[in-house]
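Containing mmCIF, C-alpha atoms: input27.cif.
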```cif
data_start
loop_
_atom_site.label_atom_id
_atom_site.label_comp_id
_atom_site.auth_asym_id
_atom_site.auth_seq_id
_atom_site.Cartn_x
_atom_site.Cartn_y
_atom_site.Cartn_z
CA MET A 24 23.10 266.11 277.78
CA LYS A 25 24.49 269.47 278.88
CA ARG A 26 27.55 270.95 277.19
CA VAL A 27 29.47 274.05 278.25
CA PHE A 28 31.84 275.83 275.86
CA LEU A 29 34.16 278.13 277.81
CA ILE A 30 36.29 280.33 275.53
CA VAL A 31 39.18 282.33 277.01
CA LEU A 32 40.24 285.21 274.77
CA ASP A 33 43.80 285.19 276.06
CA SER A 34 44.68 288.74 277.26
CA VAL A 35 41.53 290.57 276.08
CA GLY A 36 41.22 292.88 279.09
CA ILE A 37 38.65 295.68 279.20
CA GLY A 38 40.17 298.24 281.58
CA ALA A 39 42.54 298.62 284.52
CA LEU A 40 41.54 297.03 287.83
CA PRO A 41 41.44 299.23 290.96
CA ASP A 42 44.78 297.76 292.09
CA ALA A 43 46.45 298.12 288.67
CA HIS A 44 48.81 300.76 290.06
CA LEU A 45 50.46 298.06 292.18
CA TYR A 46 51.49 296.38 288.95
CA GLY A 47 52.44 299.52 287.01
CA ASP A 48 49.33 299.18 284.86
CA GLU A 49 47.36 302.35 285.57
CA GLY A 50 45.15 303.40 282.67
CA THR A 51 45.62 300.23 280.62
CA ASN A 52 42.75 298.96 278.49
CA THR A 53 43.43 296.27 275.89
CA LEU A 54 40.05 296.42 274.14
CA LEU A 55 40.03 300.22 274.04
CA SER A 56 43.47 300.24 272.40
CA CYS A 57 42.09 297.92 269.72
CA HIS A 58 39.05 300.17 269.28
CA LYS A 59 41.25 303.24 268.82
CA THR A 60 42.80 301.69 265.71
CA GLY A 61 39.52 302.23 263.89
CA LEU A 62 39.72 298.64 262.62
CA LEU A 63 37.60 296.88 265.24
CA ASP A 64 34.48 295.24 263.79
CA ILE A 65 32.93 292.74 266.23
CA PRO A 66 29.14 292.75 265.72
CA ASN A 67 28.57 289.28 267.18
CA MET A 68 30.27 290.03 270.49
CA LYS A 69 28.37 293.32 270.65
CA ARG A 70 25.12 291.39 270.06
CA MET A 71 26.05 289.12 272.98
CA GLY A 72 26.32 292.19 275.21
CA LEU A 73 29.98 293.26 275.10
CA SER A 74 29.10 296.89 274.39
CA GLU A 75 26.75 296.95 277.41
CA ILE A 76 29.45 296.01 279.92
CA GLU A 77 30.48 298.85 282.22
CA GLY A 78 33.39 300.72 280.66
CA CYS A 79 32.71 299.50 277.10
CA SER A 80 30.22 302.15 275.96
CA TYR A 81 32.73 303.37 273.34
CA LEU A 82 31.71 300.32 271.29
CA GLY A 83 28.24 301.77 270.74
CA SER A 84 25.05 300.25 272.06
CA CYS A 85 22.98 297.12 271.52
CA GLU A 86 19.30 297.58 272.37
CA ASN A 87 18.51 293.89 272.78
CA PRO A 88 21.57 291.85 273.83
CA LEU A 89 21.34 288.13 273.17
CA GLY A 90 22.84 287.02 276.47
CA ALA A 91 24.00 287.94 279.93
CA TYR A 92 27.03 290.17 280.29
CA GLY A 93 29.31 291.69 282.90
CA ARG A 94 32.94 292.01 283.89
CA CYS A 95 35.19 290.08 286.27
CA MET A 96 37.85 291.18 288.74
CA GLU A 97 40.90 289.04 289.42
CA LYS A 98 41.15 288.21 293.10
CA SER A 99 44.42 286.29 292.92
CA ALA A 100 47.78 287.99 293.14
CA GLY A 101 49.36 288.26 289.70
CA LYS A 102 48.43 288.83 286.08
CA ASP A 103 49.73 285.77 284.27
CA THR A 104 48.11 283.05 282.21
CA THR A 105 48.32 280.27 284.78
CA THR A 106 46.94 282.38 287.64
CA GLY A 107 44.08 283.68 285.49
CA HIS A 108 43.01 280.28 284.19
CA TRP A 109 43.26 278.63 287.58
CA GLU A 110 41.05 281.34 289.06
CA ILE A 111 38.53 280.91 286.23
CA ALA A 112 38.48 277.25 287.28
CA GLY A 113 37.88 278.04 290.96
CA LEU A 114 41.43 278.08 292.36
CA GLN A 115 42.68 281.39 293.75
CA LEU A 116 46.27 282.23 294.68
CA SER A 117 47.20 284.56 297.56
CA LYS A 118 50.88 284.62 296.59
CA PRO A 119 52.09 285.32 293.06
CA PHE A 120 54.45 282.98 291.24
CA PRO A 121 58.13 284.05 291.43
CA THR A 122 59.51 286.37 288.76
CA TYR A 123 63.11 287.08 287.79
CA PRO A 124 63.73 290.66 286.61
CA ASP A 125 67.50 290.10 287.00
CA GLY A 126 67.56 286.61 285.51
CA PHE A 127 67.62 283.21 287.18
CA PRO A 128 70.08 282.50 290.01
CA LYS A 129 73.37 280.78 289.24
CA GLU A 130 72.51 277.60 291.15
CA ILE A 131 69.43 277.05 288.97
CA LEU A 132 71.30 277.51 285.70
CA ASP A 133 74.29 275.47 286.86
CA GLU A 134 72.02 272.52 287.58
CA PHE A 135 70.17 273.02 284.27
CA GLU A 136 73.45 273.04 282.32
CA LYS A 137 74.67 269.97 284.19
CA GLN A 138 71.53 267.95 283.43
CA THR A 139 71.15 269.05 279.79
CA GLY A 140 74.84 269.07 278.89
CA ARG A 141 74.39 272.44 277.18
CA LYS A 142 75.48 275.94 278.14
CA VAL A 143 73.01 278.82 278.54
CA LEU A 144 72.79 282.16 276.73
CA CYS A 145 71.00 285.40 277.72
CA ASN A 146 69.34 284.75 281.13
CA LYS A 147 67.42 288.01 281.37
CA PRO A 148 63.94 289.35 280.60
CA TYR A 149 63.57 289.66 276.83
CA SER A 150 61.08 289.90 273.99
CA GLY A 151 60.69 286.48 272.42
CA THR A 152 61.18 287.75 268.89
CA GLU A 153 64.13 289.99 269.81
CA VAL A 154 65.95 287.33 271.81
CA ILE A 155 66.34 285.04 268.80
CA LYS A 156 67.54 287.99 266.72
CA ASP A 157 70.20 288.86 269.29
CA TYR A 158 71.27 285.38 270.40
CA GLY A 159 70.18 283.10 267.55
CA GLU A 160 73.45 283.18 265.63
CA GLU A 161 75.53 282.35 268.72
CA HIS A 162 73.10 279.54 269.52
CA MET A 163 73.53 278.15 266.01
CA LYS A 164 77.33 278.23 266.35
CA THR A 165 77.65 276.85 269.87
CA GLY A 166 74.48 274.83 270.53
CA ALA A 167 73.97 276.74 273.77
CA LEU A 168 70.33 277.15 274.78
CA ILE A 169 68.71 280.60 274.86
CA VAL A 170 67.13 280.91 278.30
CA TYR A 171 65.12 284.04 279.06
CA THR A 172 62.14 285.28 281.06
CA SER A 173 59.69 288.20 281.13
CA SER A 174 57.67 290.08 283.71
CA ASP A 175 55.65 286.86 284.03
CA SER A 176 56.68 283.79 285.99
CA VAL A 177 58.22 281.93 283.04
CA PHE A 178 61.43 280.06 282.24
CA GLN A 179 61.60 280.11 278.45
CA ILE A 180 63.98 278.05 276.33
CA ALA A 181 64.49 279.02 272.68
CA ALA A 182 66.33 276.71 270.27
CA HIS A 183 66.55 276.29 266.51
CA GLU A 184 64.83 273.12 265.34
CA ASP A 185 67.88 272.16 263.23
CA ILE A 186 70.16 272.43 266.28
CA VAL A 187 67.85 271.01 268.93
CA PRO A 188 65.06 268.71 267.72
CA VAL A 189 61.65 269.69 269.09
CA GLU A 190 61.26 266.55 271.21
CA THR A 191 64.70 267.13 272.70
CA LEU A 192 63.73 270.71 273.54
CA TYR A 193 60.62 269.38 275.27
CA GLU A 194 62.82 267.03 277.31
CA TYR A 195 65.00 269.99 278.34
CA CYS A 196 61.82 271.74 279.48
CA ARG A 197 60.86 268.72 281.56
CA ILE A 198 64.30 268.86 283.17
CA ALA A 199 63.84 272.55 283.97
CA ARG A 200 60.36 271.85 285.35
CA LYS A 201 61.80 269.35 287.83
CA ILE A 202 64.52 271.80 288.88
CA LEU A 203 62.17 274.75 289.34
CA VAL A 204 60.38 273.77 292.53
CA GLY A 205 59.91 275.24 295.99
CA ASP A 206 60.72 278.95 296.07
CA HIS A 207 61.59 278.77 292.37
CA ALA A 208 58.38 277.07 291.23
CA VAL A 209 57.70 279.31 288.23
CA GLY A 210 54.26 279.20 286.69
CA ARG A 211 55.43 277.87 283.32
CA VAL A 212 58.46 276.48 281.55
CA ILE A 213 57.98 277.24 277.86
CA ALA A 214 59.60 275.64 274.82
CA ARG A 215 60.18 278.29 272.11
CA PRO A 216 61.47 276.54 268.97
CA PHE A 217 62.37 278.61 265.90
CA VAL A 218 63.57 278.09 262.34
CA GLY A 219 65.18 280.05 259.52
CA GLU A 220 68.52 281.61 258.67
CA VAL A 221 70.49 284.23 260.58
CA GLY A 222 68.71 287.56 260.20
CA ALA A 223 65.42 285.86 259.34
CA PHE A 224 64.56 283.62 262.29
CA THR A 225 60.87 282.90 262.94
CA ARG A 226 59.20 281.08 265.82
CA THR A 227 57.18 277.98 265.00
CA ASN A 228 53.86 276.61 266.24
CA ASN A 229 55.70 273.90 268.19
CA ARG A 230 55.65 276.01 271.33
CA ARG A 231 54.68 274.02 274.39
CA ASP A 232 54.03 275.08 277.98
CA PHE A 233 55.02 272.96 280.98
CA SER A 234 53.02 274.39 283.86
CA VAL A 235 53.37 273.74 287.54
CA GLU A 236 50.60 271.43 288.72
CA PRO A 237 47.59 273.19 290.29
CA THR A 238 48.13 273.73 294.00
CA GLY A 239 44.56 272.70 294.81
CA LYS A 240 41.41 271.26 293.28
CA THR A 241 39.85 272.95 290.26
CA LEU A 242 36.57 272.73 288.40
CA LEU A 243 38.24 270.29 286.01
CA ASP A 244 38.90 267.86 288.86
CA LEU A 245 35.27 268.05 290.00
CA ILE A 246 33.94 267.47 286.49
CA LYS A 247 36.24 264.49 285.95
CA LYS A 248 35.40 263.04 289.38
CA ASN A 249 31.72 263.12 288.46
CA GLY A 250 32.34 261.09 285.33
CA LEU A 251 31.75 264.00 282.95
CA ASP A 252 33.91 265.18 280.07
CA SER A 253 36.63 267.80 280.58
CA ILE A 254 37.95 268.61 277.11
CA SER A 255 40.96 270.81 276.36
CA VAL A 256 41.34 272.95 273.24
CA GLY A 257 44.56 274.93 272.82
CA LYS A 258 46.85 275.55 275.82
CA ILE A 259 44.37 274.39 278.48
CA ASN A 260 45.95 270.95 278.93
CA ASP A 261 49.38 272.56 279.40
CA ILE A 262 48.10 275.25 281.78
CA PHE A 263 46.58 272.64 284.08
CA ALA A 264 49.49 270.17 283.61
CA SER A 265 46.91 267.65 282.32
CA VAL A 266 45.31 267.49 285.78
CA GLY A 267 41.53 267.11 285.50
CA VAL A 268 41.56 266.89 281.68
CA THR A 269 39.84 263.84 280.19
CA LYS A 270 40.59 264.65 276.54
CA ASP A 271 43.21 266.90 274.92
CA THR A 272 42.52 267.83 271.30
CA ASP A 273 46.15 268.86 270.59
CA SER A 274 45.24 272.09 268.78
CA HIS A 275 47.36 275.23 268.39
CA GLY A 276 46.77 278.86 267.41
CA ASN A 277 43.48 280.71 267.17
CA THR A 278 42.40 279.46 263.75
CA GLU A 279 43.08 275.80 264.53
CA CYS A 280 41.43 276.11 267.95
CA MET A 281 38.31 277.71 266.51
CA GLU A 282 38.10 274.99 263.88
CA MET A 283 38.39 272.42 266.66
CA THR A 284 35.65 274.21 268.61
CA LEU A 285 33.35 274.01 265.60
CA LYS A 286 34.16 270.30 265.37
CA MET A 287 33.37 269.79 269.07
CA LEU A 288 30.00 271.46 268.55
CA ASP A 289 29.12 268.44 266.39
CA GLU A 290 30.34 265.95 269.01
CA ASP A 291 28.19 264.31 271.66
CA PHE A 292 29.68 264.87 275.11
CA HIS A 293 28.47 265.80 278.57
CA GLY A 294 30.57 268.34 280.39
CA LEU A 295 33.02 271.13 279.62
CA CYS A 296 34.94 272.08 276.48
CA PHE A 297 37.57 274.57 277.71
CA ILE A 298 39.19 276.65 274.94
CA ASN A 299 42.17 279.02 275.03
CA LEU A 300 42.89 281.39 272.13
CA VAL A 301 46.53 282.33 272.65
CA ASP A 302 47.29 284.40 269.55
CA PHE A 303 45.75 287.60 270.94
CA ASP A 304 48.43 287.56 273.63
CA SER A 305 51.47 285.99 272.00
CA SER A 306 51.21 287.42 268.48
CA TYR A 307 49.77 290.87 269.14
CA GLY A 308 49.62 291.98 272.79
CA HIS A 309 53.25 291.19 273.61
CA ARG A 310 54.34 292.81 270.35
CA ASN A 311 52.37 296.03 270.90
CA ASN A 312 50.56 295.42 267.61
CA ALA A 313 47.18 297.07 268.17
CA ASP A 314 46.18 296.86 264.50
CA GLY A 315 46.89 293.14 264.35
CA TYR A 316 45.13 292.60 267.68
CA ALA A 317 41.99 294.36 266.40
CA GLU A 318 42.00 292.34 263.20
CA GLU A 319 42.42 289.10 265.15
CA LEU A 320 39.38 290.04 267.25
CA ASN A 321 37.49 290.60 264.00
CA ARG A 322 38.47 287.11 262.83
CA PHE A 323 37.29 285.61 266.12
CA ASP A 324 33.99 287.46 265.81
CA LYS A 325 33.41 285.90 262.39
CA HIS A 326 34.07 282.45 263.89
CA LEU A 327 31.62 283.33 266.66
CA GLY A 328 29.01 283.96 263.98
CA ASN A 329 29.45 280.32 262.94
CA ILE A 330 29.36 279.03 266.52
CA LEU A 331 26.12 280.62 267.72
CA PRO A 332 23.77 278.82 265.25
CA LYS A 333 25.33 275.44 266.07
CA LEU A 334 24.59 275.60 269.80
CA ARG A 335 22.04 273.04 270.97
CA ASP A 336 19.11 273.73 273.28
CA ASP A 337 21.02 272.67 276.42
CA ASP A 338 24.37 274.24 275.48
CA LEU A 339 25.97 277.09 277.41
CA LEU A 340 28.58 279.40 275.83
CA ILE A 341 30.79 281.57 278.06
CA ILE A 342 33.39 283.99 276.72
CA THR A 343 35.93 285.63 279.03
CA ALA A 344 39.66 286.40 279.38
CA ASP A 345 42.49 285.63 281.82
CA HIS A 346 44.24 289.06 282.06
CA GLY A 347 45.09 291.97 279.78
CA CYS A 348 48.04 292.68 277.46
CA ASP A 349 47.39 296.22 276.28
CA PRO A 350 49.01 296.68 272.84
CA GLY A 351 48.86 300.44 273.38
CA ASP A 352 50.83 300.27 276.62
CA ILE A 353 54.48 301.34 276.71
CA SER A 354 55.56 297.88 277.90
CA THR A 355 55.06 294.50 276.25
CA ASP A 356 53.93 292.86 279.50
CA HIS A 357 50.59 291.51 280.67
CA THR A 358 48.31 294.12 282.24
CA ARG A 359 46.13 293.89 285.35
CA GLU A 360 42.62 294.42 283.94
CA TYR A 361 38.95 293.57 284.24
CA THR A 362 37.93 290.75 281.92
CA PRO A 363 34.71 290.48 279.91
CA LEU A 364 31.98 288.01 280.80
CA LEU A 365 29.54 287.00 278.07
CA VAL A 366 27.06 284.16 278.64
CA TYR A 367 24.75 282.80 275.96
CA GLY A 368 22.38 279.87 275.62
CA LYS A 369 18.85 279.28 274.42
CA LYS A 370 17.70 279.10 278.06
CA ILE A 371 19.70 282.14 279.19
CA LYS A 372 17.93 285.45 279.65
CA PRO A 373 19.70 288.73 278.85
CA LYS A 374 20.85 290.42 282.03
CA ASN A 375 23.58 292.72 283.29
CA LEU A 376 25.61 290.62 285.73
CA GLY A 377 27.55 293.68 286.86
CA THR A 378 31.05 293.41 288.26
CA ARG A 379 31.92 289.95 289.56
CA GLN A 380 34.42 289.98 292.44
CA THR A 381 36.38 287.01 291.13
CA PHE A 382 36.92 285.03 287.92
CA SER A 383 35.86 282.00 289.98
CA ASP A 384 32.18 282.92 289.68
CA ILE A 385 32.48 281.31 286.25
CA ALA A 386 33.54 277.96 287.73
CA ALA A 387 30.75 278.06 290.32
CA SER A 388 28.17 278.76 287.61
CA ILE A 389 29.41 275.99 285.30
CA ALA A 390 29.39 273.49 288.17
CA GLU A 391 25.80 274.39 289.01
CA TYR A 392 24.75 274.10 285.38
CA LEU A 393 26.33 270.65 285.07
CA GLY A 394 24.92 269.49 288.41
CA VAL A 395 28.38 269.06 289.95
CA GLU A 396 28.76 269.63 293.69
CA TYR A 397 30.98 272.68 294.11
CA ASN A 398 33.04 273.67 297.15
CA LEU A 399 35.71 275.89 295.58
CA CYS A 400 35.94 279.69 295.29
CA GLY A 401 33.31 281.93 293.70
CA ASP A 402 29.55 282.41 293.65
CA SER A 403 27.28 281.13 290.90
CA PHE A 404 25.35 283.66 288.82
CA LEU A 405 23.31 280.95 287.12
CA GLY A 406 20.17 281.57 289.15
CA GLU A 407 20.12 285.16 287.88
CA ILE A 408 19.99 284.23 284.21
CA ILE A 409 18.18 280.90 283.84
#
```
Rendering of file as structure tokens:
Amino acid sequence: MKRVFLIVLDSVGIGALPDAHLYGDEGTNTLLSCHKTGLLDIPNMKRMGLSEIEGCSYLGSCENPLGAYGRCMEKSAGKDTTTGHWEIAGLQLSKPFPTYPDGFPKEILDEFEKQTGRKVLCNKPYSGTEVIKDYGEEHMKTGALIVYTSSDSVFQIAAHEDIVPVETLYEYCRIARKILVGDHAVGRVIARPFVGEVGAFTRTNNRRDFSVEPTGKTLLDLIKKNGLDSISVGKINDIFASVGVTKDTDSHGNTECMEMTLKMLDEDFHGLCFINLVDFDSSYGHRNNADGYAEELNRFDKHLGNILPKLRDDDLLIITADHGCDPGDISTDHTREYTPLLVYGKKIKPKNLGTRQTFSDIAASIAEYLGVEYNLCGDSFLGEII
């Protein structure tokens, strides 16, 4: 019974891609910014080979890495969560999702207001924490919904849980999802509930993403079609709009997701356990908090120390990322970066896998390992390390 644990460290990039200048991301490096804090302490990832990846020598060296290691280039256009995860799963996009630097067009918001019965506030790119500071009081007084975006392809709706119950907010997101189609098919509609008093608002863990459905087949579809397990931990089920997922564990935040991963290590299943750790991105990268980002990586590394001994003889562990979000960058946006590739298993031999030309090599390799016929993007590296 073969099990694959695929962990996406959301936004842990390791250096600007050659085309980063097209995205305004020259010189960005999420992991290096964390290292510069002097707080980074990740011995388990270094043992897996992270420090041996090209461009990561500042981490020191590891004479005998435990696993295979390398870095991946994003072939798809864009640098957002949905694009990155879809490419990891074998689906590449030639055209980026639409973005709205000047806010959403009037016809979209008019229809949204008509169907929800609520007015809209803001409608511009904004920091998620700042937008509730600036518009939260008016929202509390009027009941109008705070709608905002970012440099990513997102339609975000913030509402206080006392004004708009969480389930109602989710329904408003479903309405927006049905409106945002065609040329306005944004990658994600995101519910951003918050609580607290004026001047002390805080976002809750009841965030939920409503992604556009994948535009083609993914690794998850192939796994499910072959009667194997395709298990979601964290945002994965939302990112793939439930398509191809056989079981959603309904887990949120890094700590809860890592606890769920440890639980799944004790479960008998045959297939893929796909894990997203969102806090790196949402709590630290977007807030330019390099110290907090480094400390969160340290916490993950300690969890990793608990994961490695629990892996069975036929288990495969892959750690990667979906894009960057450099906390040392002048912006709070995602960054176009290489992503790490760490592969470990008791049957895996240590090897430098070099620079992979697409995230999709991961999907091809997992499919080969699970014995699933694969006809999507990417080339398997499995034969190099078994």
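Of the residues listed (A:Cys296, A:Val235, A:Leu114, A:Leu331), A:Cys296 shows the shortest atom-to-atom separation from Thr284 in chain A; distances use all atoms listed in the file.
Distance annotation: of A:Leu393, A:Ala344, A:Ile213, A:Ile198, the residue with the minimal separation from Asp261 in chain A is A:Ile213; atom set is all atoms listed in the file.
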Run the PyMOL selection byres ((chain A and resi 382) around 8) against the file shown and list the residues it catches, as a PDB file with C-alpha atoms, in the coordinates of the input.
```
ATOM      1  CA  CYS A  95      35.190 290.080 286.270  1.00  0.00           C
ATOM      2  CA  MET A  96      37.850 291.180 288.740  1.00  0.00           C
ATOM      3  CA  GLU A  97      40.900 289.040 289.420  1.00  0.00           C
ATOM      4  CA  LYS A  98      41.150 288.210 293.100  1.00  0.00           C
ATOM      5  CA  GLY A 107      44.080 283.680 285.490  1.00  0.00           C
ATOM      6  CA  GLU A 110      41.050 281.340 289.060  1.00  0.00           C
ATOM      7  CA  ILE A 111      38.530 280.910 286.230  1.00  0.00           C
ATOM      8  CA  ALA A 112      38.480 277.250 287.280  1.00  0.00           C
ATOM      9  CA  GLY A 113      37.880 278.040 290.960  1.00  0.00           C
ATOM     10  CA  ARG A 379      31.920 289.950 289.560  1.00  0.00           C
ATOM     11  CA  GLN A 380      34.420 289.980 292.440  1.00  0.00           C
ATOM     12  CA  THR A 381      36.380 287.010 291.130  1.00  0.00           C
ATOM     13  CA  SER A 383      35.860 282.000 289.980  1.00  0.00           C
ATOM     14  CA  ASP A 384      32.180 282.920 289.680  1.00  0.00           C
ATOM     15  CA  ILE A 385      32.480 281.310 286.250  1.00  0.00           C
ATOM     16  CA  ALA A 386      33.540 277.960 287.730  1.00  0.00           C
ATOM     17  CA  GLY A 401      33.310 281.930 293.700  1.00  0.00           C
TER      18      GLY A 401
END
```
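Using only C-alpha atoms, the smallest distance between any of A:Ser305, A:Leu245, A:Lys325, A:Arg70 and Ser150 in chain A comes from A:Ser305.
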Quick one: of A:Tyr361, A:Tyr392, A:Tyr316, A:Phe263, who's nearest to Asn52 in chain A, counting all atoms listed in the file? A:Tyr361
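With distances taken over all atoms listed in the file, A:Cys400 is the one residue among A:Leu168, A:Cys400, A:Val301, A:Leu376 lying closest to Gly239 in chain A.
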Straight-line distance linking CA of Ile353 in chain A with CA of Phe178 in chain A, stated in Å to one decimal: 23.1 Å
Name the residues captured by the PyMOL selection byres ((chain A and resi 183) around 6) when it is applied to the shown file; answer as an NGL selection string. :A and (182 or 184-187 or 216-218)
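Between CA of Gly406 in chain A and CA of Leu300 in chain A lies a distance of 28.4 Å.
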Using the chain letters and residue numbers of this document, give as an MDAnalysis selection string the residues selected by the PyMOL selection byres ((chain A and resi 104) around 8). chainID A and resid 33 102:103 105:108 262 345:346
Residue neighbourhood Leu32 in chain A, 10 Å, all atoms listed in the file, exclusion window fewer than 6 positions, as a PyMOL selection string: chain A and resi 277+298-304+320+323+342-347+362-363
Just the residues within 12 Å of Gly294 in chain A, please, counting all atoms listed in the file, with nothing from its chain fewer than 2 positions along; format it as a PyMOL selection string. chain A and resi 24-29+242-255+268-270+287+290-292+296-297+337-339+389-395
With only C-alpha atoms as the basis for distance, which of A:Leu54, A:Ile341, A:Cys145, A:Ala100 is at the shortest distance from Asp125 in chain A? A:Cys145
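Separating CA of Ala208 in chain A from CA of Glu130 in chain A is a distance of 14.1 Å.
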